[in-house]
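Worksheet: the structure to be examined is printed underneath.
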Amino acid sequence: MMAKRGLLVLFGSQTGTAQDTAERVGREAQRRHLRCRVEALDSCDVANLIHEPLVVFVCATTGQGDPPDNMKMFWRFLFRKNLPAGSLCQLDYAVLGLGDSSYPKFNFVAKKLHKRLLQLGGNPLLPVALGDDRHDLGPDAVVDPWLVALWDKILALYPLPLGLEIISPDVRLPPKYTLHYLPEDSPHPKSDLLQPAAPQAAPCELHPFAARVVSNQRVTAQSHFQDVRLIEFDIAGSGITFSAGDVVMIQPQNCPEDVQQFCQLLRLEPHRRFVLEPTEPGTSLPPLLPQPCTIQYLVTHYLDISCVPRRSFFELLAYFSKNELEREKLQEFSSAQGQEELYSYCNRPRRTTLEALWDFPHTTCAIPADYLLDLIPRIRPRAFSIASSMLAHPERLQILVAVVRYKTRLSKPRRGLCSTWLASLNPEQGDVRVPLWVKKGGMKFPADPATPVIMIGPGTGVAPFRAAIQERVALGGRGNCLFFGCRHQSKDFYCRTEWEELVTKGFLTLFTAFSRDQEEKVYVQHRIRENGKLVWELLSSENAHVYLAGNAKEMPAAVAEALQSVLQLEGGLSPSEAEQHLTALEQSQRFQSETWS
C-alpha cells in the first residue's frame with residue numbers, strides 16, 4: 001500500500017526569514033501534490049513528532065547562538081534527558097538552517113538540532129543546510145541547490161501518484177484564504193477595536209493589553225541629530241508584572257498616509273468589510289484579525305507594507321502581471337540569477353513593499369484581494385528593554401526609544417515603523433493606546449541587592465540598567481556602578497538629573513564617556529581601563545556581576561577586550577588566563593550581555 005504522501009514543515013523564526021523559507025518549502029510541496037502543513041515549532045504538539053514520517057525543520061539562529069522565541073519550548077522539550085534514544089526512529093527529516101557567518105555561533109541551532117534528532121534515532125535525508133546572510137546572494141545560495149536535492153530524495157520515497165505531474169512554475173497556486181466581501185448594508189458588530197485583555201490571563205502576543213500612553217518625552221536636545229524618547233505606559237489592571245532585565249513587546253501599526261496610498265494603488269475600499277475563508281480545510285485563520293474585518297484594519301494593523309520585500313513577494317507578484325515589461329522584471333527578481341540585482345534594488349537602499357508596488361503600477365492594480373495575505377507578511381512585534389521598575393513606578397512601564405531614521409540613495413529618508421509610530425503618539429490628544437505584553441528578558445540581576453553590579457550601557461543600552469538601578473535602590477542596594485557613553489554631555493546624556501541625584505545620595509558610582517566632546521573620541525571601554533583598579537576590586541573581592549547592553553557593532557568586542565586588559569593589569573593574569581576568566585564569568589552568569597543590531 002502507498003504511504004500517505006504528507007510532509008510537515010516546522011519553523012523557528014525571529015525576523016520572518018525562516019518562516020518565509022518554510023512557506024516556500026510548503027509551496028514546492030504543493031506543486032508535488034504532497035499534503036503539507038507549515039507551522040511554528042512552538043505551536044505544534046511536540047509529542048506528536050513520534051507519529052510523523054517526514055518533517056523538514058527550518059530554523060534561524062539568533063545573536064548569541066540562541067533559538068528563536070517561537071521554538072524555545074520545543075527546544076527545552078527536545079533536550080530533556082529522559083527522552084528514549086530510539087523515540088524518533090520512524091522519522092525521516094531534514095534541517096535547513098539560516099544564520100549569519102559574522103557571528104561566532106554561526107547556524108548553531110540548526111547544527112545542534114540536526115545532531116539531536118540523529119541521537120533520538122531520526123534518519124536524515126540530507127546533511128544540514130547552512131544558509132548564510134553574509135553571502136552575496138544571501139541564504140538562497142545554499143537553500144536553492146539544497147531544496148533541489150531534497151525533492152529528489154522525497155520523490156524517491158513518495159513518488160508522484162500515477163497520472164499526476166509536478167505543477168509547473170508557470171501555474172499560480174491558489175491563495176491561502178478567500179476574502180468574501182460582506183454586502184455594504186450588513187449589520188455592524190459592536191466594535192472592531194482592540195479589546196483590553198481579560199484580566200484573568202497575563203497579556204501575550206495573541207491577547208495584548210491596550211496600554212494608555214501617559215507621557216512621551218524627548219530626552220535628547222532639539223539640536224541633536226537623534227530623537228530619543230522616554231515613553232510611559234499605564235498598565236494598571238493589566239495583570240502585567242516584570243522585573244529588571246525584562247522586555248516589553250509592542251505591536252506597531254502603519255501610518256495613515258501609507259495605508260491610504262496602499263488602498264489607492266490596489267483600488268481597495270478601506271471601509272469594505274469582509275470575512276476570510278481558508279482554501280484548505282484545517283488551515284487556521286490568522287490570529288489577531290477580527291472576523292468580520294475592514295480593509296482599513298487589515299492594512300493598518302496586519303499587513304507589513306513598510307518592510308523590505310523578499311524574493312517570494314516578486315515571485316507571486318509576477319503571476320498577476322498583465323504587463324510584459326513589468327512581468328519580465330518581476331520574474332528576473334524571483335530567479336536565482338536575479339538575486340544580486342534584487343539586492344541592489346531592495347535590500348541595499350531599504351526599499352519598502354509600498355515603494356516597490358509603486359514601481360509596478362500595471363501589476364499592482366491587478367492584485368486580487370484574496371492574495372493579500374500570501375503576498376505581504378504580517379507586522380511583527382518589536383522588543384524593547386523595560387527602562388523602569390515597578391518598585392519605583394507602580395502600575396507604570398517605561399521604555400527608551402531611539403527613533404530610527406536614516407538616508408539611503410532613495411530620496412525619502414528611511415524610518416523605523418515602530419519607533420516612528422511611537423514617537424508620533426501624543427497623549428494630550430486624548431486616549432492613545434498601544435498593544436503590548438511582557439516577556440522574560442535575557443538578563444538576570446542578582447537576587448541579593450547587596451551584591452555589587454557593574455553595568456556598561458552606552459546609548460539606549462542604558463535602558464535595562466535604569467530599571468535595575470531603580471529596583472536595587474528601592475531595595476537598599478548601594479553597590480551600583482554604571483558606565484554610560486553618548487556623544488555630547490549637553491545633547492544626549494539621558495536621565496542625567498536622575499543619575500546625579502543618586503550619585504549625591506551615595507547609591508550610584510557613575511563613569512561617563514562623551515565621545516565627541518573632545519578632540520580624540522572617548523568611549524566606555526576607555527573609562528573601564530582608566531578605572532581598572534575599582535573594577536578589579538569589585539570583581540575579585542566583592543563577587544560583583546557585570547552587565548553589558550547596547551547596539552552591537554564593535555562595542556561588545558571592545559568592552560570584552562577592556563575587561564581582559566583590566567584582569568591582566570590589575571589581576572596579574574596572563575592574556576589566556578584573562579580570556580578564560582571572562583568565559584568562566586559568562587558561564588556562571590556573572591557576566592551577561594544583551595546586544596542588538
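Ordering of the C-alpha cells sets the chain letters (A, B, ...), residue numbers begin anew at 1 in every chain, and ligands are numbered from 1 in the order given.
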**OP:** Quick one: everything within 12 Å of Arg348 (chain A), counting only C-alpha atoms, minus sequence neighbours fewer than 2 positions away in the same chain. Send it as a list in words.
**Re:**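 The filter keeps Asp136, Val308, Pro309, Glu340, Glu341, Leu342, Tyr343, Ser344, Tyr345, Cys346, Arg350, Arg351, Thr352, Lys407, Thr408, Arg409, Leu410 and Arg414 of chain A.
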Report as JSON lines the residues of region 380-460 of chain A within 10 Å of region 240-264 of chain A, each with its shortest atom pair and distance in Å (one decimal), using only C-alpha atoms, ordered by chain and increasing residue number.
{"residue": "A:Arg380", "atom": "CA", "partner": "A:Gln251", "partner_atom": "CA", "distance": 6.8}
{"residue": "A:Pro381", "atom": "CA", "partner": "A:Gln251", "partner_atom": "CA", "distance": 4.4}
{"residue": "A:Arg382", "atom": "CA", "partner": "A:Ile250", "partner_atom": "CA", "distance": 5.3}
{"residue": "A:Ala383", "atom": "CA", "partner": "A:Met249", "partner_atom": "CA", "distance": 4.6}
{"residue": "A:Phe384", "atom": "CA", "partner": "A:Val248", "partner_atom": "CA", "distance": 5.4}
{"residue": "A:Ser385", "atom": "CA", "partner": "A:Val247", "partner_atom": "CA", "distance": 4.6}
{"residue": "A:Ile386", "atom": "CA", "partner": "A:Val247", "partner_atom": "CA", "distance": 5.4}
{"residue": "A:Ala387", "atom": "CA", "partner": "A:Ala244", "partner_atom": "CA", "distance": 8.0}
{"residue": "A:Ser388", "atom": "CA", "partner": "A:Ala244", "partner_atom": "CA", "distance": 7.6}
{"residue": "A:Ser389", "atom": "CA", "partner": "A:Ala244", "partner_atom": "CA", "distance": 6.5}
{"residue": "A:Met390", "atom": "CA", "partner": "A:Phe242", "partner_atom": "CA", "distance": 7.3}
{"residue": "A:Leu391", "atom": "CA", "partner": "A:Ser243", "partner_atom": "CA", "distance": 9.1}
{"residue": "A:Pro394", "atom": "CA", "partner": "A:Thr241", "partner_atom": "CA", "distance": 9.8}
{"residue": "A:Glu395", "atom": "CA", "partner": "A:Ile240", "partner_atom": "CA", "distance": 8.7}
{"residue": "A:Arg396", "atom": "CA", "partner": "A:Ile240", "partner_atom": "CA", "distance": 9.9}
{"residue": "A:Leu397", "atom": "CA", "partner": "A:Val248", "partner_atom": "CA", "distance": 8.8}
{"residue": "A:Gln398", "atom": "CA", "partner": "A:Val248", "partner_atom": "CA", "distance": 9.4}
{"residue": "A:Ile399", "atom": "CA", "partner": "A:Val248", "partner_atom": "CA", "distance": 8.4}
{"residue": "A:Leu417", "atom": "CA", "partner": "A:Asn254", "partner_atom": "CA", "distance": 7.0}
{"residue": "A:Cys418", "atom": "CA", "partner": "A:Pro252", "partner_atom": "CA", "distance": 5.1}
{"residue": "A:Ser419", "atom": "CA", "partner": "A:Pro252", "partner_atom": "CA", "distance": 8.6}
{"residue": "A:Thr420", "atom": "CA", "partner": "A:Cys255", "partner_atom": "CA", "distance": 9.0}
{"residue": "A:Trp421", "atom": "CA", "partner": "A:Pro252", "partner_atom": "CA", "distance": 7.0}
{"residue": "A:Leu422", "atom": "CA", "partner": "A:Pro252", "partner_atom": "CA", "distance": 8.0}
{"residue": "A:Ser424", "atom": "CA", "partner": "A:Cys255", "partner_atom": "CA", "distance": 9.6}
{"residue": "A:Val434", "atom": "CA", "partner": "A:Ile250", "partner_atom": "CA", "distance": 7.2}
{"residue": "A:Pro435", "atom": "CA", "partner": "A:Gln251", "partner_atom": "CA", "distance": 5.6}
{"residue": "A:Leu436", "atom": "CA", "partner": "A:Ile250", "partner_atom": "CA", "distance": 4.6}
{"residue": "A:Trp437", "atom": "CA", "partner": "A:Met249", "partner_atom": "CA", "distance": 5.4}
{"residue": "A:Val438", "atom": "CA", "partner": "A:Val248", "partner_atom": "CA", "distance": 4.4}
{"residue": "A:Lys439", "atom": "CA", "partner": "A:Val247", "partner_atom": "CA", "distance": 5.3}
{"residue": "A:Lys440", "atom": "CA", "partner": "A:Asp246", "partner_atom": "CA", "distance": 4.8}
{"residue": "A:Gly441", "atom": "CA", "partner": "A:Asp246", "partner_atom": "CA", "distance": 4.0}
{"residue": "A:Gly442", "atom": "CA", "partner": "A:Gly245", "partner_atom": "CA", "distance": 6.8}
{"residue": "A:Met443", "atom": "CA", "partner": "A:Gly245", "partner_atom": "CA", "distance": 4.9}
{"residue": "A:Lys444", "atom": "CA", "partner": "A:Gly245", "partner_atom": "CA", "distance": 6.1}
{"residue": "A:Phe445", "atom": "CA", "partner": "A:Ala244", "partner_atom": "CA", "distance": 7.1}
Writing out the chosen residues with N, CA, C and O atoms as a CSV table (one decimal), in the first residue's frame:
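That gives us out_30.csv:
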chain,number,residue,atom,x,y,z
A,380,ARG,N,5.4,42.4,12.5
A,380,ARG,CA,6.0,41.7,13.6
A,380,ARG,C,6.0,42.6,14.8
A,380,ARG,O,6.3,43.8,14.7
A,381,PRO,N,5.9,42.0,16.0
A,381,PRO,CA,6.0,42.9,17.2
A,381,PRO,C,7.5,43.2,17.4
A,381,PRO,O,8.4,42.5,16.9
A,382,ARG,N,7.8,44.4,18.1
A,382,ARG,CA,9.1,44.8,18.3
A,382,ARG,C,9.4,44.7,19.8
A,382,ARG,O,8.6,44.9,20.7
A,383,ALA,N,10.7,44.4,20.2
A,383,ALA,CA,11.1,44.2,21.6
A,383,ALA,C,11.8,45.5,22.1
A,383,ALA,O,12.7,46.0,21.4
A,384,PHE,N,11.5,45.9,23.3
A,384,PHE,CA,12.2,47.0,23.9
A,384,PHE,C,12.6,46.6,25.4
A,384,PHE,O,11.7,46.0,26.0
A,385,SER,N,13.8,46.9,25.8
A,385,SER,CA,14.1,46.7,27.2
A,385,SER,C,13.3,47.6,28.0
A,385,SER,O,13.1,48.8,27.7
A,386,ILE,N,12.7,47.1,29.1
A,386,ILE,CA,11.9,48.0,30.0
A,386,ILE,C,12.9,48.8,30.8
A,386,ILE,O,13.9,48.4,31.3
A,387,ALA,N,12.6,50.1,30.9
A,387,ALA,CA,13.6,51.1,31.4
A,387,ALA,C,13.1,51.6,32.8
A,387,ALA,O,13.6,52.6,33.3
A,388,SER,N,12.2,50.9,33.5
A,388,SER,CA,11.7,51.4,34.8
A,388,SER,C,11.4,50.2,35.6
A,388,SER,O,11.3,49.1,35.2
A,389,SER,N,11.3,50.4,37.0
A,389,SER,CA,11.0,49.4,37.9
A,389,SER,C,9.6,49.6,38.5
A,389,SER,O,9.3,50.8,38.8
A,390,MET,N,8.9,48.5,38.7
A,390,MET,CA,7.6,48.6,39.4
A,390,MET,C,7.7,49.1,40.8
A,390,MET,O,6.7,49.7,41.4
A,391,LEU,N,8.9,48.9,41.4
A,391,LEU,CA,9.1,49.4,42.8
A,391,LEU,C,9.2,50.9,42.8
A,391,LEU,O,8.8,51.5,43.8
A,394,PRO,N,5.0,52.1,40.3
A,394,PRO,CA,3.9,51.1,40.3
A,394,PRO,C,2.9,51.4,39.2
A,394,PRO,O,2.6,52.5,38.9
A,395,GLU,N,2.4,50.3,38.6
A,395,GLU,CA,1.4,50.4,37.5
A,395,GLU,C,1.8,51.2,36.3
A,395,GLU,O,1.0,51.7,35.5
A,396,ARG,N,3.1,51.4,36.2
A,396,ARG,CA,3.6,52.1,35.0
A,396,ARG,C,4.7,51.3,34.4
A,396,ARG,O,5.4,50.4,35.0
A,397,LEU,N,5.0,51.5,33.1
A,397,LEU,CA,6.1,50.8,32.4
A,397,LEU,C,6.7,51.8,31.4
A,397,LEU,O,6.0,52.5,30.7
A,398,GLN,N,8.0,52.0,31.5
A,398,GLN,CA,8.7,53.0,30.7
A,398,GLN,C,9.7,52.3,29.7
A,398,GLN,O,10.3,51.3,30.0
A,399,ILE,N,9.8,52.9,28.5
A,399,ILE,CA,10.8,52.5,27.6
A,399,ILE,C,11.6,53.7,27.0
A,399,ILE,O,11.1,54.8,27.1
A,417,LEU,N,9.4,51.5,11.5
A,417,LEU,CA,8.0,51.5,11.6
A,417,LEU,C,7.5,51.8,13.1
A,417,LEU,O,6.7,52.7,13.4
A,418,CYS,N,8.1,51.0,14.0
A,418,CYS,CA,7.6,51.1,15.4
A,418,CYS,C,8.0,52.3,16.1
A,418,CYS,O,7.2,53.0,16.7
A,419,SER,N,9.3,52.7,16.0
A,419,SER,CA,9.8,53.9,16.7
A,419,SER,C,9.2,55.2,16.2
A,419,SER,O,8.8,56.1,16.9
A,420,THR,N,8.9,55.2,14.8
A,420,THR,CA,8.3,56.4,14.3
A,420,THR,C,6.8,56.5,14.7
A,420,THR,O,6.4,57.6,15.1
A,421,TRP,N,6.1,55.4,14.8
A,421,TRP,CA,4.7,55.4,15.3
A,421,TRP,C,4.7,55.8,16.7
A,421,TRP,O,3.9,56.7,17.1
A,422,LEU,N,5.6,55.2,17.6
A,422,LEU,CA,5.6,55.5,19.0
A,422,LEU,C,5.8,57.0,19.2
A,422,LEU,O,5.2,57.7,20.0
A,424,SER,N,5.2,59.4,17.3
A,424,SER,CA,4.1,60.3,16.9
A,424,SER,C,2.9,60.4,17.8
A,424,SER,O,2.0,61.2,17.7
A,434,VAL,N,-1.5,51.6,23.1
A,434,VAL,CA,-0.5,50.8,22.4
A,434,VAL,C,-0.7,49.3,22.8
A,434,VAL,O,-0.7,49.0,24.0
A,435,PRO,N,-0.8,48.4,21.9
A,435,PRO,CA,-0.9,47.0,22.3
A,435,PRO,C,0.4,46.4,22.7
A,435,PRO,O,1.4,46.5,21.9
A,436,LEU,N,0.5,45.9,23.9
A,436,LEU,CA,1.8,45.4,24.4
A,436,LEU,C,1.6,44.2,25.3
A,436,LEU,O,0.6,43.9,25.8
A,437,TRP,N,2.7,43.5,25.5
A,437,TRP,CA,2.8,42.4,26.5
A,437,TRP,C,4.3,42.3,26.9
A,437,TRP,O,5.2,42.8,26.3
A,438,VAL,N,4.5,41.5,28.0
A,438,VAL,CA,5.9,41.5,28.6
A,438,VAL,C,6.5,40.1,28.5
A,438,VAL,O,5.7,39.1,28.6
A,439,LYS,N,7.8,40.0,28.2
A,439,LYS,CA,8.5,38.7,28.1
A,439,LYS,C,9.7,38.7,29.1
A,439,LYS,O,10.3,39.8,29.3
A,440,LYS,N,10.0,37.6,29.6
A,440,LYS,CA,11.2,37.5,30.4
A,440,LYS,C,12.4,37.9,29.6
A,440,LYS,O,12.5,37.4,28.4
A,441,GLY,N,13.3,38.7,30.1
A,441,GLY,CA,14.5,39.1,29.3
A,441,GLY,C,15.6,38.1,29.5
A,441,GLY,O,15.6,37.2,30.3
A,442,GLY,N,16.7,38.4,28.7
A,442,GLY,CA,17.9,37.6,28.8
A,442,GLY,C,18.7,37.9,30.0
A,442,GLY,O,19.5,37.1,30.5
A,443,MET,N,18.6,39.1,30.6
A,443,MET,CA,19.5,39.5,31.7
A,443,MET,C,18.8,39.3,33.0
A,443,MET,O,17.7,39.7,33.3
A,444,LYS,N,19.5,38.6,33.9
A,444,LYS,CA,19.0,38.4,35.3
A,444,LYS,C,20.0,39.1,36.3
A,444,LYS,O,21.2,38.9,36.2
A,445,PHE,N,19.4,39.9,37.2
A,445,PHE,CA,20.2,40.6,38.1
A,445,PHE,C,20.3,39.8,39.4
A,445,PHE,O,19.4,39.0,39.7
Original post:
Expressed in Å to a single decimal, how great is the separation between CA of Ala156 (chain A) and CA of Ala22 (chain A)?
Top reply: 21.2 Å
If you run DSSP over the backbone, which residues in region 523-585 of chain A end up helix (DSSP H, G or I)? Put them as a tab-separated table (two decimals) with N, CA, C and O atoms, in the first residue's frame.
chain	number	residue	atom	x	y	z
A	524	VAL	N	33.11	54.05	26.34
A	524	VAL	CA	33.00	53.36	27.63
A	524	VAL	C	34.21	52.45	27.90
A	524	VAL	O	34.69	52.37	29.02
A	525	GLN	N	34.72	51.80	26.83
A	525	GLN	CA	35.85	50.89	27.07
A	525	GLN	C	37.08	51.62	27.62
A	525	GLN	O	37.84	51.06	28.41
A	526	HIS	N	37.26	52.91	27.23
A	526	HIS	CA	38.38	53.69	27.77
A	526	HIS	C	38.20	53.93	29.26
A	526	HIS	O	39.13	53.84	30.05
A	527	ARG	N	36.93	54.25	29.65
A	527	ARG	CA	36.65	54.51	31.07
A	527	ARG	C	36.84	53.25	31.91
A	527	ARG	O	37.25	53.31	33.07
A	528	ILE	N	36.54	52.09	31.33
A	528	ILE	CA	36.73	50.82	32.06
A	528	ILE	C	38.22	50.62	32.36
A	528	ILE	O	38.61	50.29	33.49
A	529	ARG	N	39.06	50.87	31.34
A	529	ARG	CA	40.51	50.72	31.55
A	529	ARG	C	41.02	51.71	32.60
A	529	ARG	O	41.79	51.34	33.48
A	530	GLU	N	40.55	52.97	32.49
A	530	GLU	CA	41.01	54.00	33.43
A	530	GLU	C	40.64	53.66	34.86
A	530	GLU	O	41.35	54.03	35.80
A	532	GLY	N	40.29	50.63	36.13
A	532	GLY	CA	40.58	49.20	36.26
A	532	GLY	C	40.71	48.75	37.70
A	532	GLY	O	40.27	47.65	38.06
A	533	LYS	N	41.28	49.61	38.52
A	533	LYS	CA	41.53	49.24	39.93
A	533	LYS	C	40.20	48.93	40.63
A	533	LYS	O	40.05	47.88	41.27
A	534	LEU	N	39.24	49.85	40.45
A	534	LEU	CA	37.93	49.67	41.08
A	534	LEU	C	37.23	48.42	40.51
A	534	LEU	O	36.67	47.61	41.25
A	535	VAL	N	37.28	48.27	39.17
A	535	VAL	CA	36.62	47.14	38.52
A	535	VAL	C	37.19	45.82	39.05
A	535	VAL	O	36.45	44.90	39.41
A	536	TRP	N	38.52	45.76	39.15
A	536	TRP	CA	39.17	44.53	39.64
A	536	TRP	C	38.80	44.25	41.10
A	536	TRP	O	38.49	43.13	41.47
A	537	GLU	N	38.80	45.31	41.88
A	537	GLU	CA	38.44	45.22	43.30
A	537	GLU	C	37.04	44.61	43.45
A	537	GLU	O	36.82	43.66	44.21
A	538	LEU	N	36.07	45.17	42.68
A	538	LEU	CA	34.69	44.69	42.75
A	538	LEU	C	34.58	43.23	42.31
A	538	LEU	O	33.87	42.43	42.91
A	539	LEU	N	35.31	42.90	41.23
A	539	LEU	CA	35.23	41.54	40.68
A	539	LEU	C	35.89	40.52	41.59
A	539	LEU	O	35.34	39.45	41.85
A	540	SER	N	37.10	40.87	42.08
A	540	SER	CA	37.88	39.86	42.78
A	540	SER	C	37.46	39.68	44.22
A	540	SER	O	37.42	38.57	44.72
A	541	SER	N	37.12	40.79	44.91
A	541	SER	CA	36.83	40.57	46.33
A	541	SER	C	35.38	40.82	46.71
A	541	SER	O	35.00	40.57	47.84
A	555	MET	N	31.19	47.46	19.64
A	555	MET	CA	31.19	47.73	21.08
A	555	MET	C	31.42	46.50	21.99
A	555	MET	O	32.30	46.53	22.83
A	556	PRO	N	30.66	45.39	21.81
A	556	PRO	CA	30.86	44.28	22.75
A	556	PRO	C	32.29	43.75	22.75
A	556	PRO	O	32.83	43.46	23.81
A	557	ALA	N	32.90	43.65	21.56
A	557	ALA	CA	34.27	43.14	21.48
A	557	ALA	C	35.23	44.10	22.18
A	557	ALA	O	36.14	43.67	22.92
A	558	ALA	N	35.02	45.42	21.97
A	558	ALA	CA	35.90	46.42	22.58
A	558	ALA	C	35.79	46.39	24.11
A	558	ALA	O	36.79	46.53	24.82
A	559	VAL	N	34.57	46.18	24.61
A	559	VAL	CA	34.37	46.12	26.06
A	559	VAL	C	35.01	44.85	26.64
A	559	VAL	O	35.68	44.89	27.67
A	560	ALA	N	34.82	43.72	25.95
A	560	ALA	CA	35.41	42.46	26.42
A	560	ALA	C	36.93	42.60	26.48
A	560	ALA	O	37.58	42.13	27.43
A	561	GLU	N	37.51	43.27	25.48
A	561	GLU	CA	38.96	43.50	25.45
A	561	GLU	C	39.40	44.35	26.64
A	561	GLU	O	40.42	44.06	27.28
A	562	ALA	N	38.63	45.42	26.91
A	562	ALA	CA	38.96	46.31	28.04
A	562	ALA	C	38.92	45.52	29.35
A	562	ALA	O	39.80	45.67	30.21
A	563	LEU	N	37.89	44.66	29.51
A	563	LEU	CA	37.79	43.88	30.75
A	563	LEU	C	38.97	42.92	30.88
A	563	LEU	O	39.54	42.76	31.95
A	564	GLN	N	39.36	42.31	29.74
A	564	GLN	CA	40.52	41.40	29.77
A	564	GLN	C	41.79	42.14	30.15
A	564	GLN	O	42.61	41.64	30.91
A	565	SER	N	41.93	43.36	29.64
A	565	SER	CA	43.16	44.10	29.97
A	565	SER	C	43.18	44.49	31.45
A	565	SER	O	44.24	44.51	32.07
A	566	VAL	N	42.00	44.75	32.04
A	566	VAL	CA	41.93	45.03	33.48
A	566	VAL	C	42.36	43.78	34.27
A	566	VAL	O	43.13	43.87	35.23
A	567	LEU	N	41.86	42.61	33.83
A	567	LEU	CA	42.22	41.36	34.52
A	567	LEU	C	43.74	41.13	34.45
A	567	LEU	O	44.34	40.62	35.39
A	568	GLN	N	44.35	41.53	33.33
A	568	GLN	CA	45.80	41.35	33.19
A	568	GLN	C	46.57	42.37	34.02
A	568	GLN	O	47.45	42.00	34.81
A	569	LEU	N	46.20	43.67	33.87
A	569	LEU	CA	46.97	44.73	34.54
A	569	LEU	C	46.77	44.73	36.04
A	569	LEU	O	47.72	44.85	36.80
A	575	PRO	N	47.40	36.79	29.28
A	575	PRO	CA	46.32	37.01	28.30
A	575	PRO	C	45.35	35.81	28.20
A	575	PRO	O	44.14	36.00	28.17
A	576	SER	N	45.90	34.58	28.18
A	576	SER	CA	44.99	33.44	28.01
A	576	SER	C	44.18	33.19	29.30
A	576	SER	O	43.02	32.81	29.25
A	577	GLU	N	44.79	33.44	30.46
A	577	GLU	CA	44.06	33.30	31.72
A	577	GLU	C	42.92	34.32	31.79
A	577	GLU	O	41.82	34.01	32.25
A	578	ALA	N	43.23	35.55	31.34
A	578	ALA	CA	42.22	36.62	31.37
A	578	ALA	C	41.02	36.23	30.51
A	578	ALA	O	39.86	36.41	30.90
A	579	GLU	N	41.30	35.65	29.35
A	579	GLU	CA	40.23	35.25	28.45
A	579	GLU	C	39.40	34.13	29.07
A	579	GLU	O	38.17	34.16	29.03
A	580	GLN	N	40.10	33.17	29.69
A	580	GLN	CA	39.40	32.05	30.34
A	580	GLN	C	38.56	32.56	31.51
A	580	GLN	O	37.44	32.10	31.74
A	581	HIS	N	39.11	33.53	32.24
A	581	HIS	CA	38.41	34.07	33.41
A	581	HIS	C	37.09	34.73	32.97
A	581	HIS	O	36.05	34.54	33.60
A	582	LEU	N	37.14	35.48	31.87
A	582	LEU	CA	35.95	36.15	31.34
A	582	LEU	C	34.91	35.11	30.90
A	582	LEU	O	33.71	35.26	31.16
A	583	THR	N	35.38	34.05	30.23
A	583	THR	CA	34.49	32.97	29.80
A	583	THR	C	33.83	32.30	31.01
A	583	THR	O	32.63	32.00	31.00
A	584	ALA	N	34.64	32.10	32.07
A	584	ALA	CA	34.11	31.48	33.29
A	584	ALA	C	33.04	32.38	33.92
A	584	ALA	O	32.01	31.88	34.39
A	585	LEU	N	33.29	33.70	33.90
A	585	LEU	CA	32.29	34.64	34.43
A	585	LEU	C	30.99	34.54	33.62
A	585	LEU	O	29.89	34.58	34.17
Excluding Ala85 (chain A) and its own-chain neighbours fewer than 5 positions away, which residues fall within 7 Å of it when counting only C-alpha atoms? Please give them as a PDB file with C-alpha atoms, in the first residue's frame.
ATOM      1  CA  GLN A 119      20.673  10.918  18.579  1.00  0.00           C
ATOM      2  CA  LEU A 120      16.959  10.238  19.027  1.00  0.00           C
ATOM      3  CA  GLY A 121      17.007   7.796  16.111  1.00  0.00           C
TER       4      GLY A 121
END
Subject >> Pairwise distance for CA of Asp370 (chain A) and CA of His33 (chain A), rounded to one decimal in Å >> reply: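 Rounded to one decimal, the two atoms are 22.0 Å apart.
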Original post:
Which residues, written as a ChimeraX atom specification, have at least one atom at most 9 Å from Leu276 (chain A), with only C-alpha atoms counted and residues fewer than 2 positions away on the same chain left out?
Top reply: /A:177-181,274,278,285,291-293,370
**OP:** For Gly86 (chain A), please output as a VMD selection string all residues within 10 Å (counting only C-alpha atoms; exclusion window: fewer than 2 positions along the same chain).
**Re:** chain A and resid 50 83 to 84 88 to 90 117 to 122
For the residues in the current selection, export C-alpha atoms as an mmCIF file, in the first residue's frame.
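Output file part.cif is given in full below:
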data_model
loop_
_atom_site.group_PDB
_atom_site.id
_atom_site.type_symbol
_atom_site.label_atom_id
_atom_site.label_comp_id
_atom_site.auth_asym_id
_atom_site.auth_seq_id
_atom_site.Cartn_x
_atom_site.Cartn_y
_atom_site.Cartn_z
ATOM 1 C CA ILE A 50 6.822 10.293 17.088
ATOM 2 C CA LEU A 83 13.725 11.056 26.042
ATOM 3 C CA PRO A 84 14.415 7.443 24.944
ATOM 4 C CA LEU A 88 12.216 9.135 16.561
ATOM 5 C CA CYS A 89 13.295 6.020 14.656
ATOM 6 C CA GLN A 90 10.343 6.297 12.223
ATOM 7 C CA LEU A 117 17.364 14.343 16.011
ATOM 8 C CA LEU A 118 20.056 11.885 14.917
ATOM 9 C CA GLN A 119 20.673 10.918 18.579
ATOM 10 C CA LEU A 120 16.959 10.238 19.027
ATOM 11 C CA GLY A 121 17.007 7.796 16.111
ATOM 12 C CA GLY A 122 15.833 10.073 13.295
#
Subject >> Spatial neighbours of Asn426 (chain A), 8 Å, only C-alpha atoms, chain gap at least 4 places, as a list in words >> reply: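 My reading of the contact set: Val213, Ser215, Asn216, Gly430 and Val432 of chain A.
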**OP:** Find, counting only C-alpha atoms, the residue in A:Tyr103, A:Phe77, A:Tyr494, A:Tyr302 that gets nearest to Ala221 (chain A).
**Re:** A:Tyr494
Subject >> Spatial neighbours of Phe106 (chain A), max dist 12 Å, only C-alpha atoms, sep filter under 2 positions, as a ChimeraX atom specification >> reply: /A:60-67,97-104,108-112,129-134
Original post:
How many Å separate CA of Glu324 (chain A) from CA of Thr353 (chain A)?
Top reply: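 Going from CA of Glu324 (chain A) over to CA of Thr353 (chain A), I get 20.8 Å.
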Original post:
Between A:Leu288, A:Leu54, A:Cys59, A:Trp358, which has the minimum distance to Glu205 (chain A) (counting only C-alpha atoms)?
Top reply: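 That would be A:Leu288, the residue with the smallest distance to Glu205 (chain A).
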Original post:
Restricting the calculation to only C-alpha atoms, which member of A:Thr294, A:Ser312, A:Gly237, A:Arg273 is positioned closest to Pro203 (chain A)?
Top reply: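 Using only C-alpha atoms, the shortest distance to Pro203 (chain A) belongs to A:Gly237.
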Original post:
Pick from A:Asp448, A:Phe591, A:Arg272, A:Leu266: nearest to Phe360 (chain A), with only C-alpha atoms counted?
Top reply: A:Leu266
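Considering only C-alpha atoms, the residue among A:Thr363, A:Thr220, A:Thr512, A:Ser306 positioned nearest to Gly416 (chain A) is A:Ser306.
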Original post:
Closest to Pro287 (chain A) among A:Val219, A:Arg378, A:Glu232, A:Asp69, using only C-alpha atoms?
Top reply: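 Using only C-alpha atoms, the shortest distance to Pro287 (chain A) belongs to A:Arg378.
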